[in-house]
Every structure is written in C-alpha cells, then in structure tokens.
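Okay, work-v6.pdb is below, PDB, C-alpha atoms:
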```
ATOM      1  CA  MET N   1      10.482  -9.752 -24.237
ATOM      2  CA  SER N   2      10.676 -12.941 -22.177
ATOM      3  CA  THR N   3      10.598 -12.735 -18.401
ATOM      4  CA  PRO N   4      10.859 -15.865 -16.240
ATOM      5  CA  THR N   5       8.470 -14.485 -13.631
ATOM      6  CA  LEU N   6       5.823 -13.527 -16.184
ATOM      7  CA  ASP N   7       6.155 -16.950 -17.843
ATOM      8  CA  ALA N   8       5.676 -18.679 -14.479
ATOM      9  CA  VAL N   9       2.645 -16.563 -13.638
ATOM     10  CA  ARG N  10       1.042 -17.368 -16.985
ATOM     11  CA  ARG N  11       1.751 -21.095 -16.682
ATOM     12  CA  ARG N  12       0.084 -21.065 -13.260
ATOM     13  CA  GLY N  13      -2.739 -18.887 -14.528
ATOM     14  CA  ALA N  14      -2.527 -16.611 -11.509
ATOM     15  CA  LEU N  15      -0.334 -14.043  -9.786
ATOM     16  CA  ARG N  16       0.692 -14.820  -6.199
ATOM     17  CA  ALA N  17       0.536 -11.660  -4.097
ATOM     18  CA  VAL N  18       1.641 -11.220  -0.490
ATOM     19  CA  VAL N  19      -0.878  -9.166   1.489
ATOM     20  CA  SER N  20      -1.463  -8.349   5.146
ATOM     21  CA  ARG N  21      -3.529 -10.601   7.355
ATOM     22  CA  GLY N  22      -6.240  -7.985   7.362
ATOM     23  CA  ILE N  23      -6.159  -4.182   7.440
ATOM     24  CA  ARG N  24      -9.286  -2.452   6.222
ATOM     25  CA  GLY N  25      -8.652  -0.114   3.314
ATOM     26  CA  LEU N  26      -5.401  -1.834   2.333
ATOM     27  CA  SER N  27      -5.917  -5.593   2.195
ATOM     28  CA  MET N  28      -8.719  -7.441   3.968
ATOM     29  CA  ARG N  29     -10.681 -10.605   3.246
ATOM     30  CA  GLY N  30     -14.430 -10.030   3.353
ATOM     31  CA  ASP N  31     -17.114 -12.363   4.648
ATOM     32  CA  ASP N  32     -17.703 -13.436   1.051
ATOM     33  CA  GLY N  33     -14.063 -14.485   0.746
ATOM     34  CA  ARG N  34     -13.106 -11.651  -1.583
ATOM     35  CA  TRP N  35     -10.076  -9.518  -0.768
ATOM     36  CA  SER N  36     -10.386  -5.741  -1.031
ATOM     37  CA  GLY N  37      -8.234  -2.689  -0.398
ATOM     38  CA  LEU N  38      -5.765  -0.389  -2.098
ATOM     39  CA  ASP N  39      -2.989  -2.989  -1.977
ATOM     40  CA  THR N  40      -5.208  -5.719  -3.402
ATOM     41  CA  ASP N  41      -6.339  -3.444  -6.244
ATOM     42  CA  VAL N  42      -2.689  -2.904  -7.161
ATOM     43  CA  ALA N  43      -2.257  -6.686  -7.324
ATOM     44  CA  ARG N  44      -5.378  -6.965  -9.472
ATOM     45  CA  ALA N  45      -3.970  -4.331 -11.825
ATOM     46  CA  VAL N  46      -0.776  -6.382 -12.260
ATOM     47  CA  ALA N  47      -2.819  -9.552 -12.800
ATOM     48  CA  ALA N  48      -4.962  -7.810 -15.417
ATOM     49  CA  ALA N  49      -1.833  -6.788 -17.312
ATOM     50  CA  ALA N  50       0.086 -10.045 -16.928
ATOM     51  CA  VAL N  51      -2.589 -12.741 -17.022
ATOM     52  CA  GLY N  52      -5.485 -10.930 -18.660
ATOM     53  CA  ASP N  53      -7.761 -11.399 -15.660
ATOM     54  CA  ALA N  54      -7.765  -9.054 -12.657
ATOM     55  CA  GLU N  55      -9.231 -11.788 -10.457
ATOM     56  CA  ALA N  56      -6.465 -14.260 -11.287
ATOM     57  CA  VAL N  57      -4.674 -13.672  -7.984
ATOM     58  CA  GLU N  58      -3.679 -16.181  -5.333
ATOM     59  CA  TRP N  59      -3.577 -14.228  -2.078
ATOM     60  CA  VAL N  60      -0.738 -14.998   0.323
ATOM     61  CA  PRO N  61      -1.601 -13.476   3.743
ATOM     62  CA  SER N  62       1.548 -12.806   5.743
ATOM     63  CA  ASP N  63       2.654 -11.523   9.118
ATOM     64  CA  PRO N  64       4.593  -8.226   8.923
ATOM     65  CA  ALA N  65       7.910  -9.941   9.603
ATOM     66  CA  ASP N  66       7.412 -12.272   6.615
ATOM     67  CA  ARG N  67       6.179  -9.850   3.946
ATOM     68  CA  LEU N  68       9.512  -9.721   2.117
ATOM     69  CA  SER N  69      10.989 -13.085   3.083
ATOM     70  CA  THR N  70       7.973 -14.859   1.551
ATOM     71  CA  LEU N  71       8.605 -12.977  -1.690
ATOM     72  CA  ALA N  72      12.362 -13.589  -1.565
ATOM     73  CA  ALA N  73      11.801 -17.331  -1.024
ATOM     74  CA  GLY N  74       9.917 -17.561  -4.319
ATOM     75  CA  ASP N  75       6.505 -18.159  -2.761
ATOM     76  CA  ALA N  76       5.021 -15.073  -4.428
ATOM     77  CA  GLU N  77       5.734 -12.717  -7.321
ATOM     78  CA  LEU N  78       4.576  -9.481  -5.707
ATOM     79  CA  THR N  79       4.305  -8.024  -2.207
ATOM     80  CA  VAL N  80       1.636  -5.394  -1.600
ATOM     81  CA  ALA N  81       1.259  -5.482   2.167
ATOM     82  CA  ASN N  82       1.656  -1.902   3.482
ATOM     83  CA  VAL N  83       5.421  -2.355   3.594
ATOM     84  CA  SER N  84       7.521   0.825   3.590
ATOM     85  CA  TRP N  85      10.283   1.312   1.033
ATOM     86  CA  THR N  86      13.605   1.691   2.868
ATOM     87  CA  LEU N  87      17.270   1.360   1.989
ATOM     88  CA  GLY N  88      17.673  -1.150   4.790
ATOM     89  CA  ARG N  89      15.064  -3.451   3.308
ATOM     90  CA  GLU N  90      16.496  -3.360  -0.198
ATOM     91  CA  ALA N  91      20.025  -3.757   1.140
ATOM     92  CA  SER N  92      19.226  -6.759   3.315
ATOM     93  CA  SER N  93      16.782  -8.656   1.066
ATOM     94  CA  PRO N  94      16.950  -9.701  -2.607
ATOM     95  CA  VAL N  95      14.021  -7.413  -3.454
ATOM     96  CA  LEU N  96      13.345  -4.181  -5.304
ATOM     97  CA  PHE N  97      10.513  -1.748  -4.706
ATOM     98  CA  ALA N  98       8.642  -1.109  -7.935
ATOM     99  CA  GLY N  99       6.905   2.067  -6.830
ATOM    100  CA  VAL N 100       5.045   3.833  -4.053
ATOM    101  CA  THR N 101       1.421   2.822  -3.658
ATOM    102  CA  CYS N 102       0.631   5.187  -0.775
ATOM    103  CA  TYR N 103       2.634   7.937   0.924
ATOM    104  CA  ASP N 104       2.123   7.905   4.675
ATOM    105  CA  GLY N 105       3.743   8.469   8.054
ATOM    106  CA  GLU N 106       3.664   6.605  11.336
ATOM    107  CA  GLY N 107       1.063   7.873  13.779
ATOM    108  CA  PHE N 108      -0.784   7.078  16.983
ATOM    109  CA  LEU N 109      -4.254   5.718  17.656
ATOM    110  CA  ILE N 110      -5.360   6.796  21.134
ATOM    111  CA  ARG N 111      -8.506   6.910  23.240
ATOM    112  CA  ALA N 112     -10.473  10.082  22.633
ATOM    113  CA  ASP N 113     -10.919  10.725  26.344
ATOM    114  CA  SER N 114      -7.226  10.259  27.191
ATOM    115  CA  GLY N 115      -6.447  13.962  27.033
ATOM    116  CA  ILE N 116      -3.411  13.230  24.854
ATOM    117  CA  THR N 117      -2.928  15.688  22.013
ATOM    118  CA  ARG N 118       0.766  15.287  21.098
ATOM    119  CA  PRO N 119       3.128  12.292  20.756
ATOM    120  CA  GLU N 120       5.377  13.721  23.498
ATOM    121  CA  GLU N 121       2.607  13.099  26.007
ATOM    122  CA  LEU N 122       2.926   9.337  25.474
ATOM    123  CA  ALA N 123       6.465   9.318  26.934
ATOM    124  CA  GLY N 124       6.892   6.608  29.544
ATOM    125  CA  ARG N 125       3.811   4.688  28.403
ATOM    126  CA  ARG N 126       3.297   1.352  26.686
ATOM    127  CA  VAL N 127       2.401   1.434  22.998
ATOM    128  CA  ALA N 128       1.280  -1.463  20.814
ATOM    129  CA  VAL N 129       3.277  -2.164  17.624
ATOM    130  CA  GLN N 130       3.306  -4.861  14.969
ATOM    131  CA  ALA N 131       6.416  -7.033  15.046
ATOM    132  CA  GLY N 132       8.425  -6.884  11.836
ATOM    133  CA  THR N 133       7.500  -3.276  11.042
ATOM    134  CA  THR N 134       9.625  -0.142  11.345
ATOM    135  CA  SER N 135       7.529   1.067  14.294
ATOM    136  CA  ALA N 136       9.909   0.206  17.135
ATOM    137  CA  ALA N 137      12.897   1.781  15.348
ATOM    138  CA  ASN N 138      10.872   4.884  14.496
ATOM    139  CA  LEU N 139       9.755   5.248  18.099
ATOM    140  CA  ALA N 140      13.312   4.887  19.394
ATOM    141  CA  SER N 141      14.576   7.460  16.897
ATOM    142  CA  TRP N 142      11.820  10.024  17.398
ATOM    143  CA  TYR N 143      11.591   9.837  21.178
ATOM    144  CA  GLY N 144      15.305   9.263  21.705
ATOM    145  CA  SER N 145      16.199  12.446  19.831
ATOM    146  CA  ARG N 146      14.043  14.300  22.346
ATOM    147  CA  GLY N 147      15.447  12.605  25.427
ATOM    148  CA  LEU N 148      12.222  10.641  25.863
ATOM    149  CA  ALA N 149      11.165   7.012  25.573
ATOM    150  CA  VAL N 150       8.099   4.813  25.248
ATOM    151  CA  GLU N 151       7.766   1.060  25.804
ATOM    152  CA  PRO N 152       6.898  -0.764  22.554
ATOM    153  CA  VAL N 153       4.831  -3.919  23.036
ATOM    154  CA  ALA N 154       5.169  -6.060  19.897
ATOM    155  CA  HIS N 155       2.475  -8.391  18.552
ATOM    156  CA  PRO N 156       2.904 -10.729  15.553
ATOM    157  CA  THR N 157      -0.281  -9.846  13.645
ATOM    158  CA  PRO N 158      -2.483  -6.770  13.084
ATOM    159  CA  ALA N 159      -5.402  -8.456  14.845
ATOM    160  CA  LEU N 160      -3.368  -9.192  17.976
ATOM    161  CA  THR N 161      -1.879  -5.697  17.955
ATOM    162  CA  LEU N 162      -5.313  -4.114  17.779
ATOM    163  CA  ALA N 163      -6.550  -6.427  20.532
ATOM    164  CA  GLY N 164      -3.554  -5.479  22.684
ATOM    165  CA  TYR N 165      -4.457  -1.830  22.338
ATOM    166  CA  ALA N 166      -8.210  -2.359  22.732
ATOM    167  CA  SER N 167      -7.670  -4.286  25.969
ATOM    168  CA  GLY N 168      -6.303  -1.152  27.616
ATOM    169  CA  ALA N 169      -2.853  -2.676  28.120
ATOM    170  CA  CYS N 170      -1.345   0.000  25.883
ATOM    171  CA  ALA N 171      -1.991   3.725  25.742
ATOM    172  CA  ALA N 172      -1.637   3.874  21.952
ATOM    173  CA  TYR N 173      -1.366   1.798  18.799
ATOM    174  CA  VAL N 174       1.473   2.903  16.503
ATOM    175  CA  LEU N 175       1.253   2.245  12.766
ATOM    176  CA  ASP N 176       1.093   4.056   9.440
ATOM    177  CA  ARG N 177      -1.730   6.595   9.739
ATOM    178  CA  VAL N 178      -3.624   5.310   6.686
ATOM    179  CA  ALA N 179      -3.550   1.800   8.122
ATOM    180  CA  LEU N 180      -4.657   3.132  11.512
ATOM    181  CA  ALA N 181      -7.822   4.514   9.904
ATOM    182  CA  GLY N 182      -8.769   0.973   8.962
ATOM    183  CA  GLU N 183      -7.787  -0.402  12.357
ATOM    184  CA  ARG N 184      -9.837   2.267  14.146
ATOM    185  CA  ALA N 185     -12.887   1.326  12.074
ATOM    186  CA  ALA N 186     -12.559  -2.268  13.297
ATOM    187  CA  LEU N 187     -12.990  -1.309  16.963
ATOM    188  CA  ASP N 188     -16.336  -1.794  18.714
ATOM    189  CA  ASP N 189     -16.739   1.964  19.157
ATOM    190  CA  PRO N 190     -14.551   3.792  16.611
ATOM    191  CA  GLY N 191     -15.804   7.157  17.853
ATOM    192  CA  ALA N 192     -14.165   6.530  21.220
ATOM    193  CA  HIS N 193     -10.744   6.602  19.567
ATOM    194  CA  ARG N 194      -8.869   9.065  17.385
ATOM    195  CA  ILE N 195      -5.645   9.362  15.426
ATOM    196  CA  LEU N 196      -3.218  12.082  16.435
ATOM    197  CA  ASP N 197      -2.497  14.648  13.731
ATOM    198  CA  ALA N 198       1.273  14.339  14.030
ATOM    199  CA  ALA N 199       3.336  11.771  12.127
ATOM    200  CA  ILE N 200       6.764  10.737  13.412
ATOM    201  CA  SER N 201       8.238   9.187  10.266
ATOM    202  CA  ARG N 202       8.100   8.948   6.488
ATOM    203  CA  GLU N 203       6.413   5.742   5.345
ATOM    204  CA  PRO N 204       6.200   5.330   1.571
ATOM    205  CA  MET N 205       4.231   2.087   1.247
ATOM    206  CA  ALA N 206       5.413   0.347  -1.893
ATOM    207  CA  ALA N 207       4.982  -2.731  -4.065
ATOM    208  CA  ALA N 208       7.984  -5.081  -4.027
ATOM    209  CA  VAL N 209       9.314  -7.773  -6.355
ATOM    210  CA  ARG N 210      12.387 -10.005  -6.327
ATOM    211  CA  ASP N 211      15.550  -8.498  -7.783
ATOM    212  CA  ASP N 212      16.295 -11.400 -10.153
ATOM    213  CA  ASP N 213      14.007 -10.407 -13.030
ATOM    214  CA  ALA N 214      14.438  -6.872 -14.346
ATOM    215  CA  ALA N 215      11.693  -7.287 -16.942
ATOM    216  CA  TRP N 216       9.119  -8.249 -14.283
ATOM    217  CA  PHE N 217      10.240  -5.317 -12.157
ATOM    218  CA  ARG N 218       9.734  -3.015 -15.149
ATOM    219  CA  LEU N 219       6.283  -4.463 -15.851
ATOM    220  CA  CYS N 220       5.084  -3.928 -12.270
ATOM    221  CA  ARG N 221       6.577  -0.436 -12.103
ATOM    222  CA  TRP N 222       4.718   0.661 -15.240
ATOM    223  CA  VAL N 223       1.415  -0.806 -14.116
ATOM    224  CA  LEU N 224       1.678   1.477 -11.071
ATOM    225  CA  GLN N 225       2.724   4.432 -13.209
ATOM    226  CA  LEU N 226      -0.226   3.857 -15.530
ATOM    227  CA  LEU N 227      -2.695   4.330 -12.661
ATOM    228  CA  VAL N 228      -1.243   7.733 -11.745
ATOM    229  CA  SER N 229      -0.742   8.877 -15.326
ATOM    230  CA  ALA N 230      -4.303   7.916 -16.230
ATOM    231  CA  GLU N 231      -5.600  10.052 -13.368
ATOM    232  CA  LEU N 232      -3.624  13.042 -14.662
ATOM    233  CA  HIS N 233      -4.985  12.452 -18.179
ATOM    234  CA  VAL N 234      -8.548  12.566 -16.807
ATOM    235  CA  ASP N 235      -7.770  15.575 -14.644
ATOM    236  CA  GLU N 236      -6.400  17.564 -17.560
ATOM    237  CA  ALA N 237      -8.859  16.483 -20.242
ATOM    238  CA  GLY N 238     -12.113  16.508 -18.328
ATOM    239  CA  ASP N 239     -13.575  13.892 -20.675
ATOM    240  CA  ARG N 240     -12.955  10.705 -18.713
ATOM    241  CA  GLU N 241     -13.576   8.123 -21.427
ATOM    242  CA  LYS N 242     -11.479   9.963 -24.002
ATOM    243  CA  ALA N 243      -8.658  10.548 -21.499
ATOM    244  CA  LEU N 244      -8.552   6.894 -20.425
ATOM    245  CA  ALA N 245      -8.508   5.772 -24.043
ATOM    246  CA  GLN N 246      -5.581   8.091 -24.757
ATOM    247  CA  ALA N 247      -3.644   6.879 -21.717
ATOM    248  CA  ALA N 248      -4.291   3.246 -22.624
ATOM    249  CA  GLU N 249      -3.180   3.813 -26.211
ATOM    250  CA  ALA N 250       0.031   5.570 -25.154
ATOM    251  CA  ALA N 251       0.950   2.861 -22.656
ATOM    252  CA  GLY N 252      -0.303  -0.037 -24.726
ATOM    253  CA  ALA N 253       2.060   0.690 -27.581
ATOM    254  CA  HIS N 254       4.980  -0.297 -25.352
ATOM    255  CA  GLY N 255       3.403  -3.560 -24.185
ATOM    256  CA  PRO N 256       5.442  -5.903 -26.391
ATOM    257  CA  ALA N 257       8.683  -4.405 -25.059
ATOM    258  CA  VAL N 258       7.764  -5.541 -21.527
ATOM    259  CA  GLY N 259       6.269  -8.913 -22.455
ATOM    260  CA  LEU N 260       2.661  -7.748 -22.799
ATOM    261  CA  ASP N 261       0.248  -7.196 -25.645
ATOM    262  CA  LYS N 262      -1.013  -3.783 -26.783
ATOM    263  CA  ASP N 263      -4.256  -4.099 -24.796
ATOM    264  CA  TRP N 264      -2.661  -4.506 -21.375
ATOM    265  CA  ALA N 265      -3.385  -0.938 -20.283
ATOM    266  CA  VAL N 266      -7.022  -1.171 -21.380
ATOM    267  CA  ARG N 267      -7.445  -4.240 -19.164
ATOM    268  CA  VAL N 268      -5.824  -2.532 -16.173
ATOM    269  CA  LEU N 269      -7.964   0.600 -16.406
ATOM    270  CA  ASP N 270     -11.128  -1.408 -17.027
ATOM    271  CA  ALA N 271     -10.376  -3.526 -13.957
ATOM    272  CA  VAL N 272      -9.409  -0.942 -11.331
ATOM    273  CA  GLY N 273      -9.625   2.526 -12.893
ATOM    274  CA  THR N 274      -7.154   5.300 -12.173
ATOM    275  CA  TYR N 275      -5.203   5.849  -8.963
ATOM    276  CA  ALA N 276      -7.948   8.255  -7.870
ATOM    277  CA  ASP N 277     -10.540   5.506  -8.338
ATOM    278  CA  VAL N 278      -8.463   3.012  -6.374
ATOM    279  CA  TYR N 279      -7.893   5.456  -3.511
ATOM    280  CA  GLU N 280     -11.499   6.643  -3.282
ATOM    281  CA  ARG N 281     -12.920   3.123  -3.470
ATOM    282  CA  ASN N 282     -10.775   1.830  -0.628
ATOM    283  CA  LEU N 283      -9.907   4.816   1.562
ATOM    284  CA  GLY N 284     -12.351   7.553   0.593
ATOM    285  CA  ALA N 285     -15.500   8.941   2.168
ATOM    286  CA  HIS N 286     -17.959   6.551   0.560
ATOM    287  CA  CYS N 287     -16.267   3.482   2.086
ATOM    288  CA  GLY N 288     -16.495   4.931   5.596
ATOM    289  CA  LEU N 289     -12.810   5.675   6.197
ATOM    290  CA  ALA N 290     -12.576   9.148   4.648
ATOM    291  CA  VAL N 291      -8.770   9.280   4.732
ATOM    292  CA  PRO N 292      -7.726  12.590   3.099
ATOM    293  CA  ARG N 293      -5.479  12.056   0.092
ATOM    294  CA  GLY N 294      -2.910  14.553   1.347
ATOM    295  CA  LEU N 295       0.497  13.516   0.018
ATOM    296  CA  ASN N 296      -1.249  11.025  -2.248
ATOM    297  CA  GLU N 297      -2.775  13.777  -4.350
ATOM    298  CA  LEU N 298      -1.360  14.417  -7.796
ATOM    299  CA  TYR N 299       1.644  16.728  -7.854
ATOM    300  CA  THR N 300      -0.538  19.260  -9.685
ATOM    301  CA  ARG N 301      -2.641  19.501  -6.518
ATOM    302  CA  GLY N 302       0.228  19.714  -4.063
ATOM    303  CA  GLY N 303       0.749  15.983  -3.543
ATOM    304  CA  LEU N 304       3.634  13.618  -4.309
ATOM    305  CA  GLN N 305       2.026  11.434  -6.949
ATOM    306  CA  TYR N 306       3.966  12.459 -10.047
ATOM    307  CA  ALA N 307       2.761  11.092 -13.362
ATOM    308  CA  VAL N 308       5.741   9.792 -15.335
ATOM    309  CA  PRO N 309       5.081  10.240 -19.104
ATOM    310  CA  LEU N 310       3.715   7.199 -20.919
ATOM    311  CA  HIS N 311       4.692   8.161 -24.463
TER     312      HIS N 311
END
```
Since I need it in another form, could you write the structure as structure tokens?
Amino acid sequence: MSTPTLDAVRRRGALRAVVSRGIRGLSMRGDDGRWSGLDTDVARAVAAAAVGDAEAVEWVPSDPADRLSTLAAGDAELTVANVSWTLGREASSPVLFAGVTCYDGEGFLIRADSGITRPEELAGRRVAVQAGTTSAANLASWYGSRGLAVEPVAHPTPALTLAGYASGACAAYVLDRVALAGERAALDDPGAHRILDAAISREPMAAAVRDDDAAWFRLCRWVLQLLVSAELHVDEAGDREKALAQAAEAAGAHGPAVGLDKDWAVRVLDAVGTYADVYERNLGAHCGLAVPRGLNELYTRGGLQYAVPLH
C-alpha cells in the first residue's frame, strides 16, 4: 500500500520526529549528541519499521507550544514530545493521535522542607508551568472547582521553567508526574525536592501524526501496538526469544498491507524491545529515575496498557 508520508520518509532516508527540548526519561540529547528517552525510542521504533534503520531519525526539538504546529506545517512526520491526547488538540489542529505512549497525570514538584503535603496547600502561591501545555487550564479547573486559585507563571521551555522553580520564585513546578521525575533529577540536589502523590488531571501522552495520510497513521499506530503486544507475549510465554519471534511473525504478516515488508516487526523489536524494555530503560530503577509503571502496566497487572491482538 502506498502512503505519501512513508514514501517521503524513504526518499529522505530518515524520519523527522518532533521531541521536547530536553526532559530526562522522555527525550533528551546527551553529551555525546545522542537522544534518549521513552519518546525517542518510540520514534526509533517507527524508523526501524519504515526506513529499516532505528537510528535514521532527524530530531526536531520544539517548545511545548510548537509540538503540534511543527507537525501540522509539514516539518516532521511524527510528534513524540510528551504531548497529551485531548479532543481540543485534535479538533483544533490537522493531527491525529496514533496511540498512548505513557499514561500520566499532572502533578507538583515542591521543596521537601516546604511542609506542603497536598495540592490545596499551594493555593494563593506562584507555580511554574510550561507555556503551550495544558497545565494552566488544569490548574484553573482543579483549583477553581474548589473555590481556590494559584498563580501560574509560564515559561517557554522546560529548562527555563525548571530554572524559574529552582530560583525560588515559584513554590512548585507543575507538569506531568513522569516528566517531573526527570526534571527533579536535573536539579543540583534532587533529594531536596519531591513530587506530591496527588495528580490533578489525566494526561495520556501520545504520539501524533498529520491527519492527511491514513496509511501512515495506521503504520504508526501498529508500531506502538506491537511494543505492548510483544510484552504480553513474553509475559504469557515466559520464553522471551520464542515469544518475540511469535509476535514478530504475527505482526509481520500484515506488513505489506501497511506499506512495509514482512520483517518490519523483527526490526522494531530488535531495535527497542518490548514496551516493558522501553519503559525500564528510560524510566526504571536502573536509569536512576525509578518511576513506578502504575497505569502503564499491562492490563493483566492492573494497568491500562491493553495489548490489541496482532493476528
């Protein structure tokens, strides 16, 4: 099946992916120039399927306010930049969300010695937010429904938002709780700060594509589904290599129908592994963040990651 977006990506020899300007665990450029994070691994998975090379990605760092407009303008084929899937975003931009990459909720980074234990205790205070995110609207909704208010202080980039909080000008930094784990780790003394347990919103971070190419949308959606389904195969079978081979065979058979060959799933799983591998590598204990999977567990373990059948 021909898809204009896939054809363009192959002619260029690389996928263009919109990412954040730097949030540890999601998308961050290392000192060696290599990008890492859950979002960047999703982009690599798509590149492995579409181009045949997981490293064939041109990274397009973007401010929060431009994550979807850059995609809509044709300057990228995929956005994986901790952007939440909302009706408002799909209704106001020519984009479609291909699937949830990480279920989360907006939370608060505060100083450990502040004495604050609940979001209500931040009422009347200044809180740092990233411009172009849903943070300000979420704050207004959550606090307003309780007859309270906070003063959002918007900054254009993650780095400036973190600096605004670290300077002491704001009592808290408001962002998706998974992203806050990475931001906390970037502070000079992470142990002097903590993330409140409570979340004030639902934030399903998702991969987005333009809405003018249904075949490309389908391709990206099934790359994401493969990662989750492969994890379930491993979980149920116990024999990792056999389970991955079975998942790749089941998905690979449908490759030609979405513009790919029959080995596309093998390449994806060889490049990034299952969803569990992606999560643990970028957000797990061994990388220093130790963000519990919570809602991002498989549905068989009480989470929301449901493995859509591949056959």
request  = Tell me which protein, DNA and RNA residues are within 12 Å of Gly99 in chain N, counting all atoms listed in the file, leaving out same-chain ones fewer than 6 positions away, and put them as JSON, numbers by chain.
outcome  = {"N": [42, 78, 79, 80, 83, 84, 85, 86, 204, 205, 206, 207, 208, 209, 217, 218, 219, 220, 221, 222, 223, 224, 225, 226, 227, 228, 305, 306, 307, 308]}
task = With the file shown as input, list the residues that the PyMOL selection byres ((chain N and resi 268) around 12) selects, as a PyMOL selection string.
result = chain N and resi 41-55+220+222-227+230+244-245+247-248+251-252+260+262-267+269-275+278
inquiry  = Please report the interatomic distance between CA of Ile110 in chain N and CA of Pro61 in chain N in Å with one decimal.
reply    = 27.0 Å
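Between CA of Glu151 in chain N and CA of Gly124 in chain N there is a distance of 6.7 Å.
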For Leu175 in chain N, find every residue with an atom within 7 Å (counting all atoms listed in the file), except residues of its own chain fewer than 3 positions away, and show them as a PDB file with C-alpha atoms, keeping the file's coordinate frame.
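Result file selection_6.pdb:
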```
ATOM      1  CA  GLU N 106       3.664   6.605  11.336  1.00  0.00           C
ATOM      2  CA  GLY N 107       1.063   7.873  13.779  1.00  0.00           C
ATOM      3  CA  PHE N 108      -0.784   7.078  16.983  1.00  0.00           C
ATOM      4  CA  VAL N 129       3.277  -2.164  17.624  1.00  0.00           C
ATOM      5  CA  SER N 135       7.529   1.067  14.294  1.00  0.00           C
ATOM      6  CA  ALA N 179      -3.550   1.800   8.122  1.00  0.00           C
ATOM      7  CA  LEU N 180      -4.657   3.132  11.512  1.00  0.00           C
TER       8      LEU N 180
END
```
request  = Could you give me, as a PyMOL selection string, the residues within 9 Å of Thr157 in chain N, counting all atoms listed in the file and dropping anything in the same chain fewer than 2 positions from it?
outcome  = chain N and resi 20-22+62-64+130-131+155+159-162
inquiry  = When you count all atoms listed in the file, which of these residues is closest to Thr134 in chain N: N:Gly105, N:Gly238, N:Gly147, N:Gly182?
reply    = N:Gly105
task = Kindly resolve the PyMOL selection byres ((chain N and resi 288-290) around 12) on the present coordinates and return the residues as a count of residues only.
result = 29
